[in-house]
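This report concerns only the one structure given below.
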Amino acid sequence: MHFSWELSGSGWATCRIWDGSTKHRDSVSYCTNALADLLKGVTGLYGPHGIQRFSFDLEPVEARWILRRRNSDVHITIRRFPDMSTSFDA
């Protein structure tokens with residue numbers, strides 16, 4: 001698994017994740033706690049909860065990541081919603 005986070009402009013970062021066969025890339029706003037939320041989600045998998053969720057603000061799109069721990073594996077689902085202001089409780 002490879003992950004990168006690169007500042008790409010004023011208020012923006014490029015987030016990439018790939019596992020050798022599947023790649024995902026987003027330009028995310030770092031005006032929120034996006035990177036801290038990701039790190040909290042990853043470290044939260046080591047606790048009692050096997051599922052962690054966090055969102056990236058793509059202005060106005062929301063990219064919601066769902067991490068599921070299954071034994072020693074982690075499954076990642078990334079969902080996109082057209083407007084973060086209306087999708088946050090979905």
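Letters for chains follow the order of the structure tokens (A, B, ...), residue numbers begin at 1 for each chain, and ligand numbers begin at 1 in the order shown.
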Please provide the set of residues having any atom within 7 Å of Val28 in chain A, restricted to only C-alpha atoms, with same-chain residues fewer than 5 positions apart removed, written as number ranges by chain.
-> A: 12-15, 56-58
Return as an MDAnalysis selection string the full set of residues in chain A whose backbone-based DSSP assignment is strand (DSSP E or B).
-> chainID A and resid 2:9 12:18 23:29 51:57 62:70 73:81
Let me see the file: selected residues, C-alpha atoms, as a PDB file, in the first residue's frame.
```
ATOM      1  CA  HIS A   2       1.342   3.410  -0.943  1.00  0.00           C
ATOM      2  CA  PHE A   3       0.017   6.775   0.211  1.00  0.00           C
ATOM      3  CA  SER A   4       1.165  10.316  -0.531  1.00  0.00           C
ATOM      4  CA  TRP A   5       0.044  13.767   0.584  1.00  0.00           C
ATOM      5  CA  GLU A   6       1.554  16.702  -1.269  1.00  0.00           C
ATOM      6  CA  LEU A   7       0.762  20.391  -0.882  1.00  0.00           C
ATOM      7  CA  SER A   8      -0.267  21.455  -4.368  1.00  0.00           C
ATOM      8  CA  GLY A   9      -1.453  25.029  -3.992  1.00  0.00           C
ATOM      9  CA  TRP A  12      -5.004  22.449  -1.502  1.00  0.00           C
ATOM     10  CA  ALA A  13      -3.196  19.129  -1.251  1.00  0.00           C
ATOM     11  CA  THR A  14      -2.996  16.167  -3.609  1.00  0.00           C
ATOM     12  CA  CYS A  15      -3.826  12.868  -1.928  1.00  0.00           C
ATOM     13  CA  ARG A  16      -2.876   9.602  -3.645  1.00  0.00           C
ATOM     14  CA  ILE A  17      -3.358   6.017  -2.550  1.00  0.00           C
ATOM     15  CA  TRP A  18      -2.588   2.865  -4.513  1.00  0.00           C
ATOM     16  CA  LYS A  23      -5.143   3.962  -7.797  1.00  0.00           C
ATOM     17  CA  HIS A  24      -7.087   6.865  -6.322  1.00  0.00           C
ATOM     18  CA  ARG A  25      -6.216  10.578  -6.468  1.00  0.00           C
ATOM     19  CA  ASP A  26      -8.027  13.644  -5.110  1.00  0.00           C
ATOM     20  CA  SER A  27      -7.242  17.336  -4.737  1.00  0.00           C
ATOM     21  CA  VAL A  28      -8.426  18.056  -1.210  1.00  0.00           C
ATOM     22  CA  SER A  29      -8.829  21.242   0.778  1.00  0.00           C
ATOM     23  CA  ILE A  51     -14.597   0.728  11.253  1.00  0.00           C
ATOM     24  CA  GLN A  52     -13.357   4.304  10.899  1.00  0.00           C
ATOM     25  CA  ARG A  53     -14.830   7.079   8.715  1.00  0.00           C
ATOM     26  CA  PHE A  54     -13.575  10.511   7.705  1.00  0.00           C
ATOM     27  CA  SER A  55     -14.238  12.960   4.920  1.00  0.00           C
ATOM     28  CA  PHE A  56     -12.223  15.195   2.644  1.00  0.00           C
ATOM     29  CA  ASP A  57     -13.681  18.489   1.453  1.00  0.00           C
ATOM     30  CA  GLU A  62     -17.226  15.282  -0.326  1.00  0.00           C
ATOM     31  CA  ALA A  63     -14.911  12.259  -0.532  1.00  0.00           C
ATOM     32  CA  ARG A  64     -15.789   9.963   2.367  1.00  0.00           C
ATOM     33  CA  TRP A  65     -13.344   7.212   3.265  1.00  0.00           C
ATOM     34  CA  ILE A  66     -14.483   4.139   5.179  1.00  0.00           C
ATOM     35  CA  LEU A  67     -11.763   1.918   6.621  1.00  0.00           C
ATOM     36  CA  ARG A  68     -12.731  -1.583   7.751  1.00  0.00           C
ATOM     37  CA  ARG A  69     -10.357  -3.814   9.670  1.00  0.00           C
ATOM     38  CA  ARG A  70     -10.711  -7.537   8.992  1.00  0.00           C
ATOM     39  CA  ASP A  73      -6.313  -6.613   6.450  1.00  0.00           C
ATOM     40  CA  VAL A  74      -7.816  -3.172   5.953  1.00  0.00           C
ATOM     41  CA  HIS A  75     -10.470  -2.602   3.304  1.00  0.00           C
ATOM     42  CA  ILE A  76     -10.917   0.958   2.035  1.00  0.00           C
ATOM     43  CA  THR A  77     -14.091   2.268   0.437  1.00  0.00           C
ATOM     44  CA  ILE A  78     -14.129   5.801  -0.992  1.00  0.00           C
ATOM     45  CA  ARG A  79     -17.519   7.344  -1.705  1.00  0.00           C
ATOM     46  CA  ARG A  80     -18.183  10.654  -3.416  1.00  0.00           C
ATOM     47  CA  PHE A  81     -21.103  12.946  -2.696  1.00  0.00           C
TER      48      PHE A  81
END
```
What are the DSSP alpha helix (DSSP H) residues of chain A, as a count of residues only?
-> 15
Distance in Å - CA of Pro60 in chain A versus CA of Gly44 in chain A = 26.8 Å
Å distance separating CA of Lys40 in chain A from CA of Ser21 in chain A, one decimal place |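 Spanning CA of Lys40 in chain A to CA of Ser21 in chain A is a straight-line distance of 25.6 Å.
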Separation of CA of Gly11 in chain A from CA of Thr32 in chain A, in Å and rounded to one decimal | 9.2 Å
